[in-house]
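So this one's final-v6.cif, mmCIF, C-alpha atoms:
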data_protein
loop_
_atom_site.group_PDB
_atom_site.id
_atom_site.type_symbol
_atom_site.label_atom_id
_atom_site.label_comp_id
_atom_site.auth_asym_id
_atom_site.auth_seq_id
_atom_site.Cartn_x
_atom_site.Cartn_y
_atom_site.Cartn_z
ATOM 1 C CA MET A 1 210.780 38.420 131.213
ATOM 2 C CA ALA A 2 208.088 41.094 131.521
ATOM 3 C CA TYR A 3 204.731 39.963 132.867
ATOM 4 C CA ARG A 4 202.032 40.040 130.216
ATOM 5 C CA ILE A 5 199.052 42.073 131.392
ATOM 6 C CA THR A 6 195.734 40.540 130.327
ATOM 7 C CA PRO A 7 192.092 41.534 130.931
ATOM 8 C CA ALA A 8 191.980 38.803 133.593
ATOM 9 C CA THR A 9 194.968 40.390 135.357
ATOM 10 C CA LEU A 10 193.411 43.859 135.276
ATOM 11 C CA GLU A 11 190.163 42.437 136.660
ATOM 12 C CA ILE A 12 191.961 41.186 139.765
ATOM 13 C CA LEU A 13 193.978 44.389 140.161
ATOM 14 C CA GLU A 14 190.829 46.507 139.992
ATOM 15 C CA LEU A 15 189.092 44.303 142.554
ATOM 16 C CA LEU A 16 191.978 44.588 145.025
ATOM 17 C CA ALA A 17 192.213 48.324 144.360
ATOM 18 C CA ARG A 18 188.541 48.649 145.302
ATOM 19 C CA TYR A 19 188.914 46.852 148.657
ATOM 20 C CA ARG A 20 192.619 46.854 149.645
ATOM 21 C CA TYR A 21 192.439 43.403 151.312
ATOM 22 C CA LEU A 22 190.636 40.299 150.040
ATOM 23 C CA ARG A 23 190.929 36.645 150.924
ATOM 24 C CA LYS A 24 191.309 34.292 147.990
ATOM 25 C CA SER A 25 187.912 32.726 148.709
ATOM 26 C CA PHE A 26 186.291 36.181 148.550
ATOM 27 C CA ILE A 27 188.009 36.919 145.220
ATOM 28 C CA ASP A 28 186.434 33.693 143.939
ATOM 29 C CA GLY A 29 183.051 34.797 145.295
ATOM 30 C CA LEU A 30 183.244 38.184 143.575
ATOM 31 C CA LEU A 31 184.611 36.817 140.267
ATOM 32 C CA THR A 32 182.383 33.779 139.865
ATOM 33 C CA HIS A 33 183.043 33.476 136.116
ATOM 34 C CA ARG A 34 186.655 32.507 136.824
ATOM 35 C CA SER A 35 187.690 28.953 137.703
ATOM 36 C CA ARG A 36 189.188 28.511 141.161
ATOM 37 C CA GLN A 37 192.180 26.546 139.935
ATOM 38 C CA GLY A 38 192.839 29.081 137.206
ATOM 39 C CA MET A 39 192.568 31.839 139.802
ATOM 40 C CA ASN A 40 195.178 30.090 141.965
ATOM 41 C CA ARG A 41 197.635 30.074 139.066
ATOM 42 C CA THR A 42 196.920 33.696 138.125
ATOM 43 C CA LEU A 43 197.363 34.950 141.701
ATOM 44 C CA LEU A 44 200.641 33.063 142.032
ATOM 45 C CA ARG A 45 202.016 34.546 138.809
ATOM 46 C CA MET A 46 200.872 38.051 139.774
ATOM 47 C CA THR A 47 202.520 37.686 143.182
ATOM 48 C CA HIS A 48 205.817 36.606 141.618
ATOM 49 C CA ALA A 49 205.576 39.541 139.195
ATOM 50 C CA GLY A 50 205.169 41.965 142.098
ATOM 51 C CA LEU A 51 201.725 43.187 141.041
ATOM 52 C CA ILE A 52 200.018 41.932 144.200
ATOM 53 C CA ALA A 53 201.286 40.866 147.612
ATOM 54 C CA ARG A 54 200.306 38.817 150.638
ATOM 55 C CA PRO A 55 200.310 41.335 153.509
ATOM 56 C CA ARG A 56 202.679 40.320 156.278
ATOM 57 C CA SER A 57 200.159 40.973 159.048
ATOM 58 C CA GLN A 58 198.115 37.913 158.087
ATOM 59 C CA PHE A 59 200.924 35.579 159.153
ATOM 60 C CA ARG A 60 200.943 36.794 162.752
ATOM 61 C CA GLY A 61 197.761 34.965 163.647
ATOM 62 C CA TYR A 62 197.365 31.466 165.014
ATOM 63 C CA ASN A 63 196.983 28.796 162.318
ATOM 64 C CA SER A 64 197.567 31.425 159.606
ATOM 65 C CA LEU A 65 199.635 29.085 157.426
ATOM 66 C CA TYR A 66 196.602 26.813 157.059
ATOM 67 C CA CYS A 67 194.223 29.587 155.923
ATOM 68 C CA CYS A 68 193.648 30.851 152.391
ATOM 69 C CA TYR A 69 195.846 33.826 151.573
ATOM 70 C CA VAL A 70 194.887 37.483 151.864
ATOM 71 C CA TYR A 71 196.009 39.641 148.919
ATOM 72 C CA GLU A 72 196.497 43.346 148.297
ATOM 73 C CA ILE A 73 197.660 45.407 145.332
ATOM 74 C CA THR A 74 201.250 46.722 145.254
ATOM 75 C CA PRO A 75 202.656 50.027 143.901
ATOM 76 C CA ARG A 76 203.577 48.216 140.700
ATOM 77 C CA GLY A 77 200.026 46.936 140.409
ATOM 78 C CA TRP A 78 198.685 50.435 141.019
ATOM 79 C CA ASN A 79 200.876 51.676 138.188
ATOM 80 C CA MET A 80 199.055 49.307 135.833
ATOM 81 C CA LEU A 81 195.798 51.052 136.751
ATOM 82 C CA ARG A 82 197.037 54.629 136.469
ATOM 83 C CA ASP A 83 194.694 55.380 133.550
ATOM 84 C CA ARG A 84 191.646 53.729 135.132
ATOM 85 C CA GLU A 85 189.092 55.250 137.459
ATOM 86 C CA ILE A 86 188.572 53.028 140.515
ATOM 87 C CA ALA A 87 185.394 53.253 142.594
ATOM 88 C CA HIS A 88 186.733 52.293 146.035
ATOM 89 C CA VAL A 89 184.615 50.123 148.305
ATOM 90 C CA THR A 90 186.696 50.789 151.429
ATOM 91 C CA ASN A 91 188.545 53.822 152.738
ATOM 92 C CA LEU A 92 191.489 51.670 153.852
ATOM 93 C CA ILE A 93 193.854 52.595 151.039
ATOM 94 C CA ARG A 94 195.776 55.646 152.195
ATOM 95 C CA ALA A 95 199.231 54.778 150.872
ATOM 96 C CA ARG A 96 200.049 52.696 147.833
ATOM 97 C CA GLN A 97 202.485 50.394 149.544
ATOM 98 C CA ASP A 98 202.618 47.023 151.267
ATOM 99 C CA ALA A 99 202.791 48.265 154.835
ATOM 100 C CA PRO A 100 201.152 46.632 157.863
ATOM 101 C CA VAL A 101 198.123 48.457 159.205
ATOM 102 C CA LYS A 102 197.717 49.202 162.879
ATOM 103 C CA GLN A 103 194.613 47.026 163.232
ATOM 104 C CA PHE A 104 194.787 44.418 160.495
ATOM 105 C CA ALA A 105 192.093 42.193 162.048
ATOM 106 C CA HIS A 106 189.715 45.160 162.156
ATOM 107 C CA ALA A 107 190.487 45.989 158.512
ATOM 108 C CA MET A 108 189.795 42.380 157.504
ATOM 109 C CA MET A 109 186.498 42.457 159.380
ATOM 110 C CA ILE A 110 185.463 45.484 157.305
ATOM 111 C CA CYS A 111 186.561 43.920 154.010
ATOM 112 C CA ASP A 112 184.982 40.525 154.772
ATOM 113 C CA ALA A 113 181.644 42.118 155.688
ATOM 114 C CA LEU A 114 181.540 44.439 152.668
ATOM 115 C CA ALA A 115 182.598 41.768 150.171
ATOM 116 C CA SER A 116 179.994 39.358 151.567
ATOM 117 C CA ILE A 117 177.297 42.015 151.313
ATOM 118 C CA GLU A 118 178.322 42.842 147.745
ATOM 119 C CA ILE A 119 178.114 39.164 146.810
ATOM 120 C CA GLY A 120 174.681 38.915 148.457
ATOM 121 C CA VAL A 121 173.458 42.082 146.718
ATOM 122 C CA THR A 122 174.623 40.784 143.318
ATOM 123 C CA ASP A 123 173.052 37.359 143.916
ATOM 124 C CA ALA A 124 169.738 39.088 144.695
ATOM 125 C CA GLY A 125 169.846 40.978 141.397
ATOM 126 C CA HIS A 126 170.297 44.353 143.088
ATOM 127 C CA ALA A 127 172.994 46.986 142.480
ATOM 128 C CA PHE A 128 175.814 47.588 144.958
ATOM 129 C CA ILE A 129 176.833 51.270 145.256
ATOM 130 C CA PRO A 130 180.485 51.553 146.402
ATOM 131 C CA LEU A 131 182.001 54.299 148.505
ATOM 132 C CA GLY A 132 183.718 55.877 145.497
ATOM 133 C CA ALA A 133 180.405 56.401 143.715
ATOM 134 C CA ILE A 134 178.957 58.094 146.819
ATOM 135 C CA LEU A 135 181.942 60.407 147.309
ATOM 136 C CA ALA A 136 181.723 61.426 143.651
ATOM 137 C CA ARG A 137 178.485 63.211 144.561
ATOM 138 C CA THR A 138 180.190 65.772 146.809
ATOM 139 C CA THR A 139 183.001 68.317 146.735
ATOM 140 C CA ASP A 140 183.344 68.475 150.530
ATOM 141 C CA LYS A 141 186.965 67.978 151.653
ATOM 142 C CA HIS A 142 186.013 65.642 154.517
ATOM 143 C CA PRO A 143 182.552 64.318 153.644
ATOM 144 C CA LEU A 144 182.834 61.181 155.802
ATOM 145 C CA LYS A 145 183.383 63.133 159.026
ATOM 146 C CA LEU A 146 179.766 63.618 160.018
ATOM 147 C CA PRO A 147 179.189 66.310 162.688
ATOM 148 C CA CYS A 148 177.417 65.148 165.833
ATOM 149 C CA ARG A 149 177.059 65.853 169.541
ATOM 150 C CA VAL A 150 177.994 63.479 172.383
ATOM 151 C CA GLN A 151 176.835 64.564 175.839
ATOM 152 C CA GLY A 152 176.647 68.188 174.724
ATOM 153 C CA ARG A 153 180.108 68.215 173.127
ATOM 154 C CA GLU A 154 180.669 68.839 169.430
ATOM 155 C CA ASP A 155 182.260 65.847 167.720
ATOM 156 C CA ARG A 156 182.672 64.181 164.340
ATOM 157 C CA LEU A 157 182.134 60.557 163.433
ATOM 158 C CA ALA A 158 183.515 58.814 160.339
ATOM 159 C CA PRO A 159 182.022 55.348 159.729
ATOM 160 C CA ASP A 160 184.296 52.386 159.113
ATOM 161 C CA ALA A 161 182.600 51.954 155.734
ATOM 162 C CA LEU A 162 179.843 53.467 153.641
ATOM 163 C CA PHE A 163 177.928 51.927 150.756
ATOM 164 C CA GLY A 164 174.540 51.796 149.119
ATOM 165 C CA VAL A 165 172.146 49.320 147.539
ATOM 166 C CA ARG A 166 169.808 50.150 144.671
ATOM 167 C CA ARG A 167 166.680 48.057 144.276
ATOM 168 C CA ASP A 168 163.191 48.693 142.987
ATOM 169 C CA ALA A 169 164.328 52.070 141.587
ATOM 170 C CA ARG A 170 165.261 53.299 145.071
ATOM 171 C CA ALA A 171 168.667 53.597 146.763
ATOM 172 C CA TYR A 172 169.351 52.739 150.413
ATOM 173 C CA PHE A 173 172.578 53.812 152.090
ATOM 174 C CA TYR A 174 174.433 52.222 155.002
ATOM 175 C CA ALA A 175 177.149 53.196 157.460
ATOM 176 C CA LEU A 176 179.017 50.083 158.600
ATOM 177 C CA GLU A 177 180.844 49.791 161.924
ATOM 178 C CA ALA A 178 183.053 46.778 162.659
ATOM 179 C CA GLU A 179 183.156 46.494 166.447
ATOM 180 C CA HIS A 180 186.148 44.196 166.748
ATOM 181 C CA TYR A 181 188.009 45.616 169.762
ATOM 182 C CA ASN A 182 185.835 48.350 171.216
ATOM 183 C CA PRO A 183 183.906 47.656 174.443
ATOM 184 C CA VAL A 184 180.166 47.407 173.939
ATOM 185 C CA TRP A 185 178.785 49.349 176.892
ATOM 186 C CA PRO A 186 181.439 50.595 179.318
ATOM 187 C CA SER A 187 180.873 52.947 182.231
ATOM 188 C CA LYS A 188 179.869 56.561 181.696
ATOM 189 C CA ASP A 189 183.304 57.413 180.283
ATOM 190 C CA LEU A 190 182.571 58.512 176.707
ATOM 191 C CA ARG A 191 186.062 59.795 175.969
ATOM 192 C CA ARG A 192 187.130 56.373 174.702
ATOM 193 C CA ALA A 193 185.769 54.579 171.657
ATOM 194 C CA SER A 194 182.866 52.237 172.353
ATOM 195 C CA PHE A 195 179.651 51.018 170.786
ATOM 196 C CA ARG A 196 177.739 53.138 173.295
ATOM 197 C CA LYS A 197 179.505 56.330 172.207
ATOM 198 C CA LYS A 198 178.844 55.561 168.538
ATOM 199 C CA ALA A 199 175.177 54.816 169.241
ATOM 200 C CA ILE A 200 174.764 58.213 170.915
ATOM 201 C CA ALA A 201 176.595 59.947 168.059
ATOM 202 C CA TYR A 202 174.549 58.176 165.388
ATOM 203 C CA ASP A 203 171.345 59.089 167.198
ATOM 204 C CA HIS A 204 172.271 62.751 166.801
ATOM 205 C CA ILE A 205 173.176 62.128 163.149
ATOM 206 C CA ALA A 206 169.822 60.384 162.598
ATOM 207 C CA ARG A 207 168.081 63.502 163.929
ATOM 208 C CA SER A 208 170.163 66.237 162.266
ATOM 209 C CA LYS A 209 170.800 64.311 158.997
ATOM 210 C CA PRO A 210 174.146 65.923 158.023
ATOM 211 C CA TYR A 211 174.647 63.207 155.400
ATOM 212 C CA LYS A 212 172.098 64.932 153.152
ATOM 213 C CA ASP A 213 174.301 68.006 152.724
ATOM 214 C CA ARG A 214 177.743 66.421 153.062
ATOM 215 C CA LEU A 215 177.236 63.195 151.106
ATOM 216 C CA LYS A 216 174.185 64.109 149.013
ATOM 217 C CA ILE A 217 172.374 60.923 150.009
ATOM 218 C CA PRO A 218 168.691 60.823 151.030
ATOM 219 C CA ASN A 219 168.866 58.291 153.859
ATOM 220 C CA LEU A 220 171.290 56.419 156.104
ATOM 221 C CA HIS A 221 171.015 53.126 157.980
ATOM 222 C CA TYR A 222 173.420 51.984 160.701
ATOM 223 C CA LEU A 223 174.989 48.504 160.554
ATOM 224 C CA PHE A 224 177.105 47.130 163.401
ATOM 225 C CA VAL A 225 178.910 43.808 163.066
ATOM 226 C CA PHE A 226 180.477 42.010 166.022
ATOM 227 C CA PRO A 227 182.816 38.979 166.260
ATOM 228 C CA SER A 228 180.409 37.035 168.491
ATOM 229 C CA LYS A 229 176.680 36.513 168.888
ATOM 230 C CA ALA A 230 176.846 37.468 172.586
ATOM 231 C CA ARG A 231 178.378 40.890 171.869
ATOM 232 C CA ALA A 232 175.829 41.636 169.149
ATOM 233 C CA GLN A 233 172.968 40.673 171.473
ATOM 234 C CA THR A 234 174.414 42.773 174.311
ATOM 235 C CA ALA A 235 174.637 45.833 172.060
ATOM 236 C CA HIS A 236 171.086 45.323 170.810
ATOM 237 C CA ASP A 237 169.691 44.880 174.321
ATOM 238 C CA HIS A 238 171.450 47.994 175.626
ATOM 239 C CA VAL A 239 170.016 50.113 172.815
ATOM 240 C CA LEU A 240 166.487 48.828 173.465
ATOM 241 C CA ARG A 241 166.798 49.455 177.196
ATOM 242 C CA THR A 242 168.517 52.850 177.263
ATOM 243 C CA MET A 243 167.516 54.458 173.944
ATOM 244 C CA PRO A 244 163.903 53.328 173.367
ATOM 245 C CA ASN A 245 162.773 56.654 171.879
ATOM 246 C CA SER A 246 165.848 57.411 169.798
ATOM 247 C CA ARG A 247 165.778 57.986 166.051
ATOM 248 C CA PHE A 248 168.849 55.755 165.788
ATOM 249 C CA ILE A 249 166.906 52.660 166.801
ATOM 250 C CA GLU A 250 164.597 53.020 163.790
ATOM 251 C CA ARG A 251 167.459 52.133 161.425
ATOM 252 C CA PHE A 252 169.809 50.191 163.688
ATOM 253 C CA TYR A 253 171.056 46.745 162.626
ATOM 254 C CA ALA A 254 173.326 44.428 164.619
ATOM 255 C CA ALA A 255 174.768 41.047 163.660
ATOM 256 C CA HIS A 256 177.715 38.802 164.390
ATOM 257 C CA ILE A 257 179.986 37.675 161.576
ATOM 258 C CA PRO A 258 182.665 34.975 161.384
ATOM 259 C CA VAL A 259 186.178 36.236 162.096
ATOM 260 C CA GLN A 260 189.433 34.323 161.866
ATOM 261 C CA GLU A 261 190.412 35.038 165.485
ATOM 262 C CA GLU A 262 187.283 33.263 166.747
ATOM 263 C CA LEU A 263 187.177 30.417 164.204
ATOM 264 C CA LEU A 264 190.947 29.792 164.113
ATOM 265 C CA LYS A 265 190.502 29.512 160.345
ATOM 266 C CA ALA A 266 189.729 31.892 157.519
ATOM 267 C CA PRO A 267 185.999 32.509 157.115
ATOM 268 C CA PRO A 268 184.463 31.886 153.674
ATOM 269 C CA PRO A 269 182.184 34.516 152.137
ATOM 270 C CA PHE A 270 178.862 34.919 153.962
ATOM 271 C CA PRO A 271 176.459 36.582 151.470
ATOM 272 C CA GLN A 272 173.558 35.610 153.733
ATOM 273 C CA LEU A 273 174.436 38.743 155.693
ATOM 274 C CA TYR A 274 172.418 40.669 153.108
ATOM 275 C CA ARG A 275 169.334 38.458 153.103
ATOM 276 C CA ASN A 276 169.211 37.187 156.709
ATOM 277 C CA ALA A 277 167.515 38.992 159.590
ATOM 278 C CA TRP A 278 169.658 41.280 161.744
ATOM 279 C CA LEU A 279 168.970 42.210 165.325
ATOM 280 C CA GLY A 280 167.070 45.477 165.297
ATOM 281 C CA SER A 281 165.545 46.620 162.027
ATOM 282 C CA GLY A 282 165.284 43.239 160.280
ATOM 283 C CA ARG A 283 166.643 42.317 156.867
ATOM 284 C CA MET A 284 168.711 44.633 154.691
ATOM 285 C CA ASP A 285 166.870 43.585 151.553
ATOM 286 C CA GLU A 286 163.482 44.541 153.037
ATOM 287 C CA ASP A 287 163.937 48.147 154.243
#

Give the structure from this file in C-alpha cells form.
Amino acid sequence: MAYRITPATLEILELLARYRYLRKSFIDGLLTHRSRQGMNRTLLRMTHAGLIARPRSQFRGYNSLYCCYVYEITPRGWNMLRDREIAHVTNLIRARQDAPVKQFAHAMMICDALASIEIGVTDAGHAFIPLGAILARTTDKHPLKLPCRVQGREDRLAPDALFGVRRDARAYFYALEAEHYNPVWPSKDLRRASFRKKAIAYDHIARSKPYKDRLKIPNLHYLFVFPSKARAQTAHDHVLRTMPNSRFIERFYAAHIPVQEELLKAPPPFPQLYRNAWLGSGRMDED
C-alpha cells in the first residue's frame, strides 16, 4: 500500500531536509504544535515507508540503544520535496543518500547547536535566518570559503555553519565552529586544524571583511562551541592572553554544549544557548 503524504508528513520532511540530522527530541522542540506521541507514530510510519531513516552511525556509540533516535531524510523523501524550495540550515547535505559521514559526532554537534539556537530565537520572538536564505543573496560559486591569511600564507576558511538572527529591525550574522576533535592551542604548528589556527584566520577575516562582498551580509560574529567547559575556558583564556588587540576578540563567543559522548545519553534541546551569557562577547540576544 502506498504511503499517504499529508501536510504533517511534508512538515517533517522539510525540517530534516533543512538540517540533515535531527534527534527526535529536537524535532519535538522545533514542531511544538505536534504531540510527542503522535510524532512517535508518524516517524515510525515514515521510517517504514522509506521516507526517512535512522543513520547507522548513531548506533556505534556507547549506550546508543537507550538514546532517542536521530533521523535523516532519504532519497525517496527528497523526491517528495522535488517541487519545494528548501532553505537549508546546515551545509551537511552533499548527497541525497543514507551514507555514514566521516565525523558523525561532529555533524551532530553542529545540528544540535543550530537547532537549539533556532528554538531559542523563536521562543524570544526573533527571526532565525537560515544558511539557504543567506546564500540566496550571492552568485559566488564558493561563497562560504572566506579568504584569509595565516602567518603570511594565503588561505580560505569555511565555517561549520552560518546563520543570522533578525531582531529590532536589524540582522546579526554568525559563523559557528563546532570544536569537537580539534586541539585548542597546540604548538606553533599551524598546518593542522586547531582552534588557534581558526582564531588567527578569523582575526584576518574580521579586519578584511570578505563576507560583505562574498555573502552580502553587513556583519559577522564568531561562535565556538566545545564539548566541555574546560576546553571552552582554555580557548577563551588563550585568546585574551595572546590576541588582546585583535578585531576577532570584539565578536568572539565561546561556550560548552552537551554532547552524547560526554553525557553517555542523548542531549535534549538547549535553547538557553541563545539567551545565556557566552565567554567573550556576552549574550547572543544582546549584541

Could the residues of stretch 128-202 of chain A that have an atom at most 12 Å from stretch 107-112 of chain A be listed as CSV, each with its closest atom pair and the distance in Å to one decimal, counting only C-alpha atoms and ordered by chain and ascending residue number?
residue,atom,partner,partner_atom,distance
A:Pro159,CA,A:Ile110,CA,10.7
A:Asp160,CA,A:Ile110,CA,7.2
A:Ala161,CA,A:Ile110,CA,7.2
A:Leu162,CA,A:Ile110,CA,10.4
A:Phe163,CA,A:Ile110,CA,11.9
A:Ala175,CA,A:Ile110,CA,11.3
A:Leu176,CA,A:Ile110,CA,8.0
A:Glu177,CA,A:Ile110,CA,7.8
A:Ala178,CA,A:Ile110,CA,6.0
A:Glu179,CA,A:Met109,CA,8.8
A:His180,CA,A:Met109,CA,7.6
A:Tyr181,CA,A:Met109,CA,11.0

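Residue nearest A:Gly132, chosen from A:Pro268, A:Gly164, A:Gly50, A:Gly38 and counting all atoms listed in the file: A:Gly164.
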
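Of the listed residues (A:Met284, A:Val239, A:Ile86, A:Leu263), A:Met284 comes nearest to A:Ala171; the distances count only C-alpha atoms.
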
Q.
If we count all atoms listed in the file and set the cut-off at 10 Å, which residues sit around A:Arg231, ignoring sequence neighbours fewer than 2 positions away in its own chain? Please answer as a PyMOL selection string.
A. chain A and resi 179-180+183-185+225-229+233-237+254-256

(Q) Taking 3 positions as the minimum chain separation for residues in the same chain, which residues sit within 7 Å of stretch 70-75 of chain A when counting all atoms listed in the file? Answer as a ChimeraX atom specification. (A) /A:13,16-17,20-24,50-55,78-79,96-98

Name the residues that the PyMOL selection byres ((chain A and resi 210-224) around 8) pulls out of this structure, and write them as a PDB file with C-alpha atoms, in the coordinates of the input.
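As written to disk, out_7.pdb reads:
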ATOM      1  CA  ILE A 134     178.957  58.094 146.819  1.00  0.00           C
ATOM      2  CA  LEU A 135     181.942  60.407 147.309  1.00  0.00           C
ATOM      3  CA  ARG A 137     178.485  63.211 144.561  1.00  0.00           C
ATOM      4  CA  THR A 138     180.190  65.772 146.809  1.00  0.00           C
ATOM      5  CA  ASP A 140     183.344  68.475 150.530  1.00  0.00           C
ATOM      6  CA  PRO A 143     182.552  64.318 153.644  1.00  0.00           C
ATOM      7  CA  LEU A 144     182.834  61.181 155.802  1.00  0.00           C
ATOM      8  CA  LEU A 146     179.766  63.618 160.018  1.00  0.00           C
ATOM      9  CA  PRO A 147     179.189  66.310 162.688  1.00  0.00           C
ATOM     10  CA  TYR A 172     169.351  52.739 150.413  1.00  0.00           C
ATOM     11  CA  PHE A 173     172.578  53.812 152.090  1.00  0.00           C
ATOM     12  CA  TYR A 174     174.433  52.222 155.002  1.00  0.00           C
ATOM     13  CA  ALA A 175     177.149  53.196 157.460  1.00  0.00           C
ATOM     14  CA  LEU A 176     179.017  50.083 158.600  1.00  0.00           C
ATOM     15  CA  GLU A 177     180.844  49.791 161.924  1.00  0.00           C
ATOM     16  CA  ALA A 178     183.053  46.778 162.659  1.00  0.00           C
ATOM     17  CA  GLU A 179     183.156  46.494 166.447  1.00  0.00           C
ATOM     18  CA  TYR A 202     174.549  58.176 165.388  1.00  0.00           C
ATOM     19  CA  ILE A 205     173.176  62.128 163.149  1.00  0.00           C
ATOM     20  CA  ALA A 206     169.822  60.384 162.598  1.00  0.00           C
ATOM     21  CA  SER A 208     170.163  66.237 162.266  1.00  0.00           C
ATOM     22  CA  LYS A 209     170.800  64.311 158.997  1.00  0.00           C
ATOM     23  CA  VAL A 225     178.910  43.808 163.066  1.00  0.00           C
ATOM     24  CA  PHE A 226     180.477  42.010 166.022  1.00  0.00           C
ATOM     25  CA  PHE A 248     168.849  55.755 165.788  1.00  0.00           C
ATOM     26  CA  ARG A 251     167.459  52.133 161.425  1.00  0.00           C
ATOM     27  CA  PHE A 252     169.809  50.191 163.688  1.00  0.00           C
ATOM     28  CA  TYR A 253     171.056  46.745 162.626  1.00  0.00           C
ATOM     29  CA  ALA A 254     173.326  44.428 164.619  1.00  0.00           C
ATOM     30  CA  ALA A 255     174.768  41.047 163.660  1.00  0.00           C
TER      31      ALA A 255
END

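A straight line drawn from atom CA of A:Pro244 to atom CA of A:Arg170 is 28.3 Å long.
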
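In this comparison, which uses only C-alpha atoms, the residue of A:Ala266, A:Ala230, A:Met80, A:Val165 approaching A:Gly120 most closely is A:Val165.
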
**Q.** Å distance separating atom CA of A:Ser116 from atom CA of A:Pro271, one decimal place
**A.** 4.5 Å

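Note that atom CA of A:Phe26 and atom CA of A:Asn91 are 18.3 Å apart.
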
Q: Determine the residue set returned by the PyMOL selection byres ((chain A and resi 126) around 7) for the present structure, and present it as a list in words.
A: Val121, Thr122, Ala124, Gly125, Ala127, Phe128, Val165, Arg166 and Arg167 of chain A

Q.
What would the selection look like, as a list in words, if the PyMOL selection byres ((chain A and resi 201) around 8) were run on the coordinates I just shared?
A. Cys148, Arg149, Val150, Leu157, Lys197, Lys198, Ala199, Ile200, Tyr202, Asp203, His204 and Ile205 of chain A
